[in-house]
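protein08.tsv (TSV, C-alpha atoms)
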```tsv
chain	number	residue	atom	x	y	z
A	20	MET	CA	-13.82	-18.49	-9.50
A	21	PRO	CA	-10.04	-18.12	-9.96
A	22	VAL	CA	-7.98	-21.00	-8.56
A	23	THR	CA	-4.35	-20.50	-9.49
A	24	ALA	CA	-2.30	-17.31	-9.20
A	25	ARG	CA	-2.25	-17.06	-13.00
A	26	GLU	CA	-6.04	-17.26	-13.25
A	27	LYS	CA	-6.48	-14.78	-10.45
A	28	TRP	CA	-4.27	-12.16	-12.09
A	29	ASP	CA	-5.75	-12.85	-15.52
A	30	TRP	CA	-9.13	-11.90	-14.06
A	31	LEU	CA	-7.76	-8.88	-12.21
A	32	SER	CA	-6.15	-7.56	-15.39
A	33	LEU	CA	-9.65	-6.53	-16.51
A	34	THR	CA	-10.10	-3.97	-13.71
A	35	TYR	CA	-6.49	-3.38	-12.65
A	36	ASP	CA	-5.98	-0.03	-14.37
A	37	LEU	CA	-9.29	1.30	-13.07
A	38	MET	CA	-8.65	0.22	-9.48
A	39	THR	CA	-5.14	1.67	-9.36
A	40	TRP	CA	-5.85	5.03	-11.05
A	41	GLY	CA	-5.80	7.11	-7.85
A	42	GLU	CA	-2.90	5.20	-6.33
A	43	ASP	CA	-0.92	5.75	-9.51
A	44	TRP	CA	-1.40	9.51	-9.21
A	45	ARG	CA	-0.62	9.66	-5.52
A	46	GLN	CA	2.45	7.46	-5.44
A	47	GLY	CA	3.85	8.12	-8.91
A	48	GLY	CA	6.44	10.62	-7.62
A	49	GLU	CA	7.93	8.16	-5.15
A	50	LYS	CA	8.02	5.45	-7.80
A	51	ARG	CA	9.81	7.74	-10.24
A	52	GLN	CA	12.46	8.54	-7.60
A	53	LEU	CA	12.94	4.87	-6.85
A	54	PHE	CA	13.09	3.85	-10.50
A	55	ALA	CA	15.77	6.49	-11.13
A	56	LYS	CA	18.12	4.32	-9.07
A	57	ILE	CA	18.11	1.36	-11.44
A	58	GLN	CA	21.46	0.56	-12.99
A	59	GLY	CA	22.56	-1.79	-15.74
A	60	ARG	CA	20.50	-4.79	-16.76
A	61	THR	CA	17.28	-4.69	-14.75
A	62	LEU	CA	14.55	-7.20	-13.98
A	63	LEU	CA	11.06	-5.90	-13.16
A	64	VAL	CA	9.19	-8.63	-11.31
A	65	SER	CA	5.45	-8.52	-12.01
A	66	VAL	CA	4.94	-5.83	-14.60
A	67	GLY	CA	1.15	-6.05	-14.26
A	68	THR	CA	-0.59	-4.04	-16.96
A	69	GLY	CA	2.54	-1.92	-17.40
A	70	ASN	CA	1.25	1.09	-15.46
A	71	ASP	CA	4.61	1.66	-13.82
A	72	LEU	CA	6.69	1.55	-16.98
A	73	LYS	CA	6.15	5.28	-17.49
A	74	TYR	CA	8.26	5.97	-14.39
A	75	LEU	CA	11.34	4.28	-15.84
A	76	PRO	CA	14.30	6.43	-16.82
A	77	PRO	CA	14.85	6.69	-20.58
A	78	LYS	CA	17.29	4.26	-22.18
A	79	CYS	CA	16.84	1.61	-19.53
A	80	ASN	CA	17.68	-2.02	-20.26
A	81	LEU	CA	14.78	-3.92	-18.73
A	82	VAL	CA	13.29	-7.39	-18.69
A	83	ALA	CA	9.75	-7.28	-17.28
A	84	ILE	CA	8.04	-10.49	-16.21
A	85	ASP	CA	4.57	-11.51	-15.11
A	86	ILE	CA	2.76	-14.75	-14.43
A	87	SER	CA	-0.42	-13.62	-16.22
A	88	PRO	CA	-0.61	-13.72	-20.03
A	89	ARG	CA	-3.41	-11.13	-19.99
A	90	MET	CA	-1.34	-8.74	-17.88
A	91	ILE	CA	1.58	-9.15	-20.30
A	92	GLU	CA	-0.75	-8.51	-23.23
A	93	ARG	CA	-1.97	-5.26	-21.67
A	94	ALA	CA	1.57	-4.21	-20.79
A	95	ARG	CA	2.76	-4.59	-24.37
A	96	THR	CA	1.33	-1.26	-25.61
A	97	LYS	CA	2.62	0.64	-22.58
A	98	ALA	CA	6.06	-0.93	-23.01
A	99	SER	CA	6.29	0.33	-26.59
A	100	ARG	CA	5.26	3.83	-25.41
A	101	ALA	CA	7.73	3.88	-22.52
A	102	GLY	CA	10.83	3.79	-24.72
A	103	GLY	CA	14.04	2.11	-23.65
A	104	ASN	CA	14.88	-1.51	-24.26
A	105	ILE	CA	12.01	-3.38	-22.60
A	106	ARG	CA	11.44	-7.11	-23.08
A	107	LEU	CA	8.32	-8.78	-21.68
A	108	VAL	CA	8.58	-12.37	-20.49
A	109	LEU	CA	5.86	-14.69	-19.20
A	110	THR	CA	7.32	-16.55	-16.21
A	111	ASP	CA	6.72	-17.38	-12.56
A	112	ALA	CA	8.62	-15.28	-10.02
A	113	GLN	CA	9.05	-18.37	-7.86
A	114	ARG	CA	10.91	-20.15	-10.69
A	115	LEU	CA	12.61	-17.45	-12.72
A	116	ALA	CA	13.63	-18.49	-16.21
A	117	PHE	CA	17.03	-16.76	-16.04
A	118	ALA	CA	20.55	-17.92	-15.30
A	119	ASP	CA	22.30	-17.13	-12.01
A	120	GLN	CA	23.77	-13.62	-11.67
A	121	THR	CA	22.07	-12.17	-14.75
A	122	PHE	CA	20.84	-8.78	-13.48
A	123	ASP	CA	22.41	-5.70	-11.88
A	124	THR	CA	19.11	-4.48	-10.42
A	125	VAL	CA	15.80	-6.11	-9.59
A	126	LEU	CA	12.76	-3.88	-9.25
A	127	THR	CA	9.42	-4.85	-7.70
A	128	VAL	CA	6.21	-2.85	-7.34
A	129	CYS	CA	3.49	-4.35	-5.14
A	130	THR	CA	4.73	-7.80	-6.09
A	131	PHE	CA	5.57	-9.71	-2.93
A	132	CYS	CA	2.07	-9.22	-1.55
A	133	SER	CA	0.86	-11.54	-4.29
A	134	ILE	CA	3.49	-14.23	-4.79
A	135	PRO	CA	2.26	-17.36	-2.99
A	136	ASP	CA	5.66	-18.10	-1.37
A	137	PRO	CA	7.38	-14.72	-1.00
A	138	VAL	CA	10.61	-16.06	0.51
A	139	GLN	CA	11.03	-18.52	-2.35
A	140	GLY	CA	10.40	-15.68	-4.81
A	141	LEU	CA	12.98	-13.48	-3.08
A	142	GLN	CA	15.50	-16.33	-3.08
A	143	GLU	CA	15.00	-16.57	-6.84
A	144	VAL	CA	15.60	-12.83	-7.10
A	145	TYR	CA	18.77	-13.29	-5.02
A	146	ARG	CA	19.91	-16.04	-7.39
A	147	VAL	CA	19.51	-13.99	-10.57
A	148	LEU	CA	21.15	-10.85	-9.11
A	149	LYS	CA	24.86	-10.29	-9.73
A	150	PRO	CA	27.11	-9.99	-6.66
A	151	ASP	CA	26.47	-6.55	-5.10
A	152	GLY	CA	23.35	-6.25	-7.26
A	153	ARG	CA	20.51	-4.15	-5.81
A	154	LEU	CA	16.93	-4.99	-5.01
A	155	LEU	CA	14.58	-1.98	-5.18
A	156	MET	CA	11.07	-2.55	-3.86
A	157	PHE	CA	7.88	-0.51	-3.63
A	158	GLU	CA	5.63	-2.72	-1.51
A	159	HIS	CA	2.80	-2.66	0.97
A	160	VAL	CA	3.27	-4.61	4.20
A	161	ARG	CA	1.54	-5.40	7.49
A	162	SER	CA	1.48	-2.35	9.77
A	163	LYS	CA	3.20	-2.51	13.13
A	164	ILE	CA	0.39	-0.37	14.58
A	165	GLY	CA	-2.06	-2.73	16.27
A	166	LEU	CA	-5.21	-0.91	15.10
A	167	PHE	CA	-4.21	-1.12	11.47
A	168	ALA	CA	-2.56	-4.55	11.70
A	169	LEU	CA	-5.75	-6.20	12.98
A	170	PHE	CA	-7.76	-4.69	10.17
A	171	LEU	CA	-5.18	-5.74	7.55
A	172	ASP	CA	-5.27	-9.30	8.95
A	173	PHE	CA	-9.06	-9.31	8.71
A	174	MET	CA	-9.08	-7.89	5.19
A	175	THR	CA	-6.53	-10.47	4.04
A	176	PHE	CA	-9.14	-13.18	4.63
A	177	LEU	CA	-11.25	-11.44	2.00
A	178	THR	CA	-8.58	-10.25	-0.43
A	179	ARG	CA	-6.39	-13.38	-0.55
A	180	ARG	CA	-8.78	-15.23	-2.83
A	181	PHE	CA	-9.27	-12.38	-5.26
A	182	GLY	CA	-6.09	-10.30	-4.98
A	183	PRO	CA	-3.08	-9.59	-2.80
A	184	ASP	CA	-2.37	-10.39	0.86
A	185	LEU	CA	-2.37	-7.21	2.94
A	186	ASN	CA	-0.40	-8.49	5.93
A	187	ARG	CA	2.96	-9.67	4.64
A	188	ASP	CA	6.16	-8.89	6.55
A	189	THR	CA	8.19	-8.19	3.43
A	190	VAL	CA	11.18	-6.61	5.18
A	191	SER	CA	11.69	-9.80	7.20
A	192	ASN	CA	11.21	-11.88	4.07
A	193	VAL	CA	13.93	-9.87	2.30
A	194	LEU	CA	16.35	-10.55	5.16
A	195	GLN	CA	15.31	-14.20	5.29
A	196	ALA	CA	16.16	-14.58	1.60
A	197	GLY	CA	19.74	-13.49	2.36
A	198	PHE	CA	19.72	-9.81	1.34
A	199	ARG	CA	21.40	-6.99	3.28
A	200	LEU	CA	18.89	-4.22	4.02
A	201	GLN	CA	20.21	-0.83	2.92
A	202	HIS	CA	17.27	1.52	3.13
A	203	GLU	CA	13.69	1.36	4.33
A	204	ALA	CA	11.29	4.30	4.03
A	205	ASN	CA	7.59	4.74	4.72
A	206	VAL	CA	5.50	6.15	1.87
A	207	TYR	CA	2.05	5.88	3.49
A	208	LEU	CA	1.84	5.31	7.26
A	209	ASP	CA	4.05	2.26	7.90
A	210	ILE	CA	2.12	0.24	5.30
A	211	VAL	CA	3.40	1.34	1.90
A	212	LYS	CA	7.18	1.17	1.90
A	213	ILE	CA	10.27	1.59	-0.19
A	214	ILE	CA	12.81	-1.11	0.57
A	215	GLU	CA	16.30	-1.18	-0.84
A	216	ALA	CA	18.58	-4.16	-0.30
A	217	ALA	CA	21.85	-5.52	-1.63
A	218	LYS	CA	22.98	-9.06	-2.41
B	209	MET	CA	26.84	14.85	26.34
B	210	SER	CA	24.99	15.84	23.16
B	211	ASP	CA	22.37	18.60	23.13
B	212	PRO	CA	18.88	17.07	22.55
B	213	LEU	CA	17.90	19.98	20.27
B	214	ILE	CA	20.95	19.53	18.05
B	215	LYS	CA	20.35	15.79	18.04
B	216	SER	CA	16.75	16.35	16.93
B	217	ILE	CA	17.86	18.69	14.12
B	218	GLU	CA	20.46	16.15	13.02
B	219	VAL	CA	17.79	13.42	12.87
B	220	ARG	CA	15.51	15.70	10.83
B	221	GLU	CA	18.32	16.57	8.41
B	222	ARG	CA	19.23	12.92	8.08
B	223	ARG	CA	15.60	12.03	7.31
B	224	ARG	CA	15.39	14.79	4.72
B	225	ASP	CA	18.63	13.60	3.15
B	226	ILE	CA	17.69	9.98	2.73
B	227	THR	CA	13.94	9.84	2.28
B	228	HIS	CA	11.71	10.04	-0.72
B	229	GLU	CA	9.63	12.88	0.66
B	230	GLY	CA	10.34	15.40	-2.07
B	231	THR	CA	7.10	14.59	-3.87
B	232	SER	CA	3.73	16.18	-3.21
B	233	GLU	CA	0.30	14.99	-4.27
B	234	PRO	CA	-2.40	17.17	-5.84
B	235	PHE	CA	-4.64	19.00	-3.35
B	236	PHE	CA	-7.81	17.36	-4.61
B	237	PHE	CA	-6.68	14.03	-3.20
B	238	ARG	CA	-6.62	15.49	0.31
B	239	LEU	CA	-10.02	17.04	-0.31
B	240	GLY	CA	-11.24	13.69	-1.63
B	241	ASP	CA	-10.01	11.97	1.54
B	242	TYR	CA	-12.17	14.31	3.64
B	243	VAL	CA	-15.21	13.88	1.39
B	244	ALA	CA	-14.83	10.10	1.63
B	245	GLY	CA	-14.46	10.34	5.41
B	246	ILE	CA	-17.52	12.58	5.85
B	247	LEU	CA	-19.66	10.38	3.61
B	248	THR	CA	-18.58	7.21	5.42
B	249	GLY	CA	-19.26	8.80	8.82
B	250	ILE	CA	-22.71	10.01	7.78
B	251	LEU	CA	-23.77	6.76	6.12
B	252	THR	CA	-22.46	4.68	9.04
B	253	ALA	CA	-24.38	6.84	11.51
B	254	LEU	CA	-27.51	6.57	9.36
B	255	ALA	CA	-27.29	2.80	8.91
B	256	VAL	CA	-26.66	2.25	12.61
B	257	ARG	CA	-29.60	4.52	13.55
B	258	LEU	CA	-31.89	2.55	11.21
B	259	ILE	CA	-30.86	-0.83	12.62
B	260	VAL	CA	-30.05	-0.42	16.32
B	261	GLY	CA	-33.10	-0.07	18.56
B	262	PRO	CA	-33.35	2.28	21.58
B	263	GLN	CA	-33.65	-0.51	24.13
B	264	TRP	CA	-30.90	-2.77	22.82
B	265	ASP	CA	-28.29	-4.20	25.12
B	266	MET	CA	-25.26	-1.88	24.78
B	267	VAL	CA	-22.78	-4.67	24.05
B	268	VAL	CA	-24.99	-6.14	21.34
B	269	ALA	CA	-25.55	-2.65	19.90
B	270	MET	CA	-21.80	-2.06	19.84
B	271	LEU	CA	-21.10	-5.31	18.00
B	272	VAL	CA	-23.94	-4.79	15.53
B	273	GLY	CA	-22.79	-1.20	14.99
B	274	MET	CA	-19.29	-2.45	14.20
B	275	GLY	CA	-20.65	-4.98	11.69
B	276	VAL	CA	-22.86	-2.37	10.04
B	277	GLY	CA	-19.97	0.09	9.88
B	278	MET	CA	-17.76	-2.56	8.28
B	279	LEU	CA	-20.37	-3.27	5.63
B	280	VAL	CA	-20.91	0.42	4.90
B	281	HIS	CA	-17.23	1.28	4.63
B	282	MET	CA	-16.37	-1.79	2.53
B	283	THR	CA	-19.11	-0.86	0.07
B	284	LEU	CA	-17.78	2.70	-0.14
B	285	LEU	CA	-14.23	1.39	-0.66
B	286	LEU	CA	-15.30	0.10	-4.06
B	287	LEU	CA	-16.23	3.66	-5.01
B	288	PHE	CA	-13.29	5.50	-3.49
B	289	ILE	CA	-10.31	3.17	-4.03
B	290	PRO	CA	-10.15	3.79	-7.80
B	291	LEU	CA	-10.31	7.55	-7.24
B	292	LEU	CA	-8.14	8.06	-4.18
B	293	GLY	CA	-5.84	5.04	-3.84
B	294	MET	CA	-6.12	1.80	-1.94
B	295	PHE	CA	-4.48	2.31	1.45
B	296	GLU	CA	-5.03	6.07	1.64
B	297	VAL	CA	-8.76	5.29	1.60
B	298	MET	CA	-8.87	1.89	3.22
B	299	MET	CA	-7.22	2.76	6.53
B	300	PRO	CA	-9.21	5.87	7.55
B	301	LEU	CA	-12.51	4.50	6.23
B	302	ALA	CA	-11.97	1.25	8.14
B	303	MET	CA	-11.44	3.20	11.36
B	304	ILE	CA	-14.56	5.28	10.70
B	305	GLY	CA	-16.66	2.22	9.85
B	306	MET	CA	-15.44	-0.04	12.65
B	307	TYR	CA	-14.97	2.34	15.54
B	308	GLY	CA	-17.59	4.84	14.43
B	309	GLY	CA	-20.09	2.01	14.05
B	310	MET	CA	-19.31	0.79	17.58
B	311	LEU	CA	-19.65	4.24	19.10
B	312	PHE	CA	-22.82	5.10	17.19
B	313	GLY	CA	-24.31	1.72	18.10
B	314	MET	CA	-23.68	2.27	21.81
B	315	ARG	CA	-25.07	5.79	21.64
B	316	ASP	CA	-28.21	4.75	19.78
B	317	SER	CA	-28.95	1.99	22.27
B	318	MET	CA	-28.93	4.53	25.10
B	319	GLN	CA	-29.77	7.99	23.80
B	320	GLN	CA	-31.74	7.51	20.61
B	321	ALA	CA	-34.77	9.32	22.01
B	322	TYR	CA	-32.75	12.42	22.97
B	323	ILE	CA	-30.61	12.82	19.85
B	324	PRO	CA	-32.41	13.63	16.58
B	325	LEU	CA	-31.32	11.96	13.36
B	326	SER	CA	-29.90	15.22	11.97
B	327	THR	CA	-27.57	15.58	14.97
B	328	ALA	CA	-26.53	11.93	14.70
B	329	LEU	CA	-25.61	12.45	11.04
B	330	ILE	CA	-23.65	15.62	11.80
B	331	VAL	CA	-21.73	13.78	14.52
B	332	GLY	CA	-21.05	11.01	11.97
B	333	GLY	CA	-19.63	13.55	9.50
B	334	VAL	CA	-17.52	15.25	12.18
B	335	PHE	CA	-16.18	11.87	13.29
B	336	GLY	CA	-15.20	11.19	9.66
B	337	VAL	CA	-13.32	14.51	9.42
B	338	PHE	CA	-11.56	13.83	12.72
B	339	VAL	CA	-10.36	10.36	11.67
B	340	VAL	CA	-9.11	11.56	8.28
B	341	PHE	CA	-7.29	14.46	9.96
B	342	VAL	CA	-5.62	12.05	12.40
B	343	ALA	CA	-4.67	9.71	9.53
B	344	HIS	CA	-3.03	12.59	7.64
B	345	TRP	CA	-1.22	13.77	10.75
B	346	TRP	CA	-0.07	10.26	11.59
B	347	ASN	CA	1.14	9.75	8.03
B	348	ARG	CA	3.24	12.91	8.26
B	349	GLN	CA	4.86	11.58	11.44
B	350	LEU	CA	5.64	8.16	9.97
B	351	ARG	CA	6.56	9.14	6.45
B	352	GLY	CA	10.24	8.98	5.55
B	353	ALA	CA	13.25	6.82	6.27
B	354	VAL	CA	13.08	4.31	9.07
B	355	PHE	CA	16.39	2.64	8.35
B	356	ALA	CA	19.45	3.51	6.28
B	357	ARG	CA	22.92	2.03	6.29
B	358	PRO	CA	25.61	4.75	6.16
B	359	GLU	CA	27.01	3.40	2.86
B	360	ALA	CA	23.51	3.39	1.34
B	361	ARG	CA	23.05	7.00	2.46
B	362	ARG	CA	26.26	8.10	0.76
B	363	SER	CA	25.39	6.39	-2.51
B	364	SER	CA	21.75	7.54	-2.69
```

Could you take the file, read its structure, and then write that structure out as structure tokens?
Amino acid sequence: MPVTAREKWDWLSLTYDLMTWGEDWRQGGEKRQLFAKIQGRTLLVSVGTGNDLKYLPPKCNLVAIDISPRMIERARTKASRAGGNIRLVLTDAQRLAFADQTFDTVLTVCTFCSIPDPVQGLQEVYRVLKPDGRLLMFEHVRSKIGLFALFLDFMTFLTRRFGPDLNRDTVSNVLQAGFRLQHEANVYLDIVKIIEAAK
Amino acid sequence: MSDPLIKSIEVRERRRDITHEGTSEPFFFRLGDYVAGILTGILTALAVRLIVGPQWDMVVAMLVGMGVGMLVHMTLLLLFIPLLGMFEVMMPLAMIGMYGGMLFGMRDSMQQAYIPLSTALIVGGVFGVFVVFVAHWWNRQLRGAVFARPEARRSS
């Protein structure tokens, strides 16, 4: 049974592409629109198996990180197919191995549902962003609709051990980490969201 | 004083301007949502009918129905999530399993003798269609921008 976040995501790398096939099709358009906004040197936090790299604009300058060596291994082929200047780095989002004010944009896709301490992770993102740098997020969060929220709370008991939390308040976490919220949009109900913030 | 109609149009235009709603998903996903909903409704109704007895206490039947519905829908999630997406499947199927299971449990504790299995299964399927329809409608209402700073709007 997986114990650490690294072990958990190493295990999930085996079925990740299969489990996200439909989601990838349904939400690919929104991701492509969001990714088109990246500018300058960009950090992608939690590249996973590299499924989202195909939505990147050509000629991007990207550093993609993940905590799981197996995820990074699977992302390597997709990174070479995606084009652009993509470098894969194995590191923990809660302790980023980059100097302060390194990146112009930080991009996350379903990342802060999985990082054990999301505020600490977002503070690290804040640290490595240049002044006026942008945070672009595609995340799922806890619904504000009681019916759905209760179910997401219940499901989190089951999913936390094997995958992501389903009831995070990521918008509040972004503000708590010191960012200025610029744009928030619902993609599916009020659960899957696009969040844009500035340092 | 501003005209409410003009205000409503302005809000709609603003939403269109700043949201990411220009994308559309293939039709077969919507069809798949309904198939998943119908199947979950039918199987929940069937499982509840097989477990809940005609003389059960209604409260117990409701709770058991909810548990059975949860088990049924969580099993089906494993099949449908890879095909249709995680939340697009999870939310409607959860509502069908939980609330459908409760309703079917209460019904079967009171009216099992008067409602044949075929009717119970049809009602299960119809309930599935209804919940998926409501989820799609609700999604259309919620989809789009919920917050945008004016400077962000200009730059996007």

Closest atom pairs, residues of chain A within 10 Å of chain B, all atoms listed in the file, as CSV:
```
residue,atom,partner,partner_atom,distance
A:Thr34,CA,B:Pro290,CA,9.8
A:Tyr35,CA,B:Pro290,CA,9.4
A:Asp36,CA,B:Pro290,CA,8.7
A:Leu37,CA,B:Pro290,CA,5.9
A:Met38,CA,B:Pro290,CA,4.2
A:Thr39,CA,B:Pro290,CA,5.7
A:Trp40,CA,B:Pro290,CA,5.5
A:Gly41,CA,B:Leu292,CA,4.5
A:Glu42,CA,B:Gly293,CA,3.9
A:Asp43,CA,B:Gly293,CA,7.5
A:Trp44,CA,B:Glu233,CA,7.6
A:Arg45,CA,B:Glu233,CA,5.6
A:Gln46,CA,B:Glu233,CA,7.9
A:Gly47,CA,B:Thr231,CA,8.8
A:Gly48,CA,B:Thr231,CA,5.5
A:Glu49,CA,B:His228,CA,6.1
A:Lys50,CA,B:His228,CA,9.2
A:Arg51,CA,B:Thr231,CA,9.7
A:Gln52,CA,B:His228,CA,7.1
A:Leu53,CA,B:His228,CA,8.1
A:Lys56,CA,B:Ser364,CA,8.0
A:His159,CA,B:Phe295,CA,8.8
A:Leu166,CA,B:Met303,CA,8.3
A:Phe167,CA,B:Met299,CA,7.0
A:Phe170,CA,B:Ala302,CA,7.6
A:Leu171,CA,B:Met299,CA,8.8
A:Met174,CA,B:Met282,CA,9.9
A:Leu185,CA,B:Phe295,CA,9.9
A:Arg199,CA,B:Arg357,CA,9.6
A:Leu200,CA,B:Arg357,CA,7.8
A:Gln201,CA,B:Arg357,CA,5.2
A:His202,CA,B:Ala356,CA,4.3
A:Glu203,CA,B:Phe355,CA,5.0
A:Ala204,CA,B:Ala353,CA,3.9
A:Asn205,CA,B:Arg351,CA,4.8
A:Val206,CA,B:Arg351,CA,5.6
A:Tyr207,CA,B:Asn347,CA,6.0
A:Leu208,CA,B:Asn347,CA,4.6
A:Asp209,CA,B:Leu350,CA,6.5
A:Ile210,CA,B:Phe295,CA,7.9
A:Val211,CA,B:Phe295,CA,8.0
A:Lys212,CA,B:Gly352,CA,9.1
A:Ile213,CA,B:His228,CA,8.6
A:Ile214,CA,B:Phe355,CA,9.3
A:Glu215,CA,B:Ala360,CA,8.8
A:Ala216,CA,B:Ala360,CA,9.2
A:Ala217,CA,B:Ala360,CA,9.5
```

First collect every listed atom of range 234-251 of chain B; then fit an axis-aligned box around them, widen it by 8 Å on each side, and give centre and edge lengths in Å to one decimal, as JSON.
```
{"center_x": -13.1, "center_y": 12.9, "center_z": 1.5, "size_x": 37.4, "size_y": 28.2, "size_z": 30.7}
```

What is the distance between CA of Met270 in chain B and CA of Arg179 in chain A, in Å to one decimal? 28.0 Å

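Excluding Leu141 in chain A itself and any same-chain residue fewer than 6 positions from it, the protein and nucleic acid residues within 10 Å of it, counting all atoms listed in the file, are A:Ala112, A:Gln113, A:Phe131, A:Ile134, A:Val147, A:Leu154, A:Thr189, A:Asn192, A:Val193, A:Leu194, A:Gln195, A:Ala196, A:Gly197, A:Phe198.
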
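Atom pair CA of Arg114 in chain A / CA of Gly140 in chain A has a distance of 7.4 Å (rounded to one decimal).
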
Just give me the gap between CA of Tyr307 in chain B and CA of Cys129 in chain A in Å, one decimal is fine.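 Going from CA of Tyr307 in chain B over to CA of Cys129 in chain A covers 28.5 Å.
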
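Of the listed residues B:Val256, B:Ile304, B:Leu329, B:Leu251, the one whose atoms come nearest to Leu271 in chain B is B:Val256, with distances taken using only C-alpha atoms.
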
Ranking A:Thr127, A:Asn70, A:Thr121, A:Ser32 by minimum distance to Pro88 in chain A and counting all atoms listed in the file, which one comes first? A:Ser32

Using all atoms listed in the file, which of the listed residues (A:Ile91, A:Leu109, A:Val138, A:Leu177) sits closest to Thr68 in chain A?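 Once distances to Thr68 in chain A are computed over all atoms listed in the file, the minimum belongs to A:Ile91.
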
Compile the contact shell of Pro262 in chain B as a list of chain:residue names: residues with an atom at most 7 Å away, counting all atoms listed in the file, same-chain residues fewer than 3 positions apart removed. B:Asp316, B:Ser317, B:Met318, B:Gln320
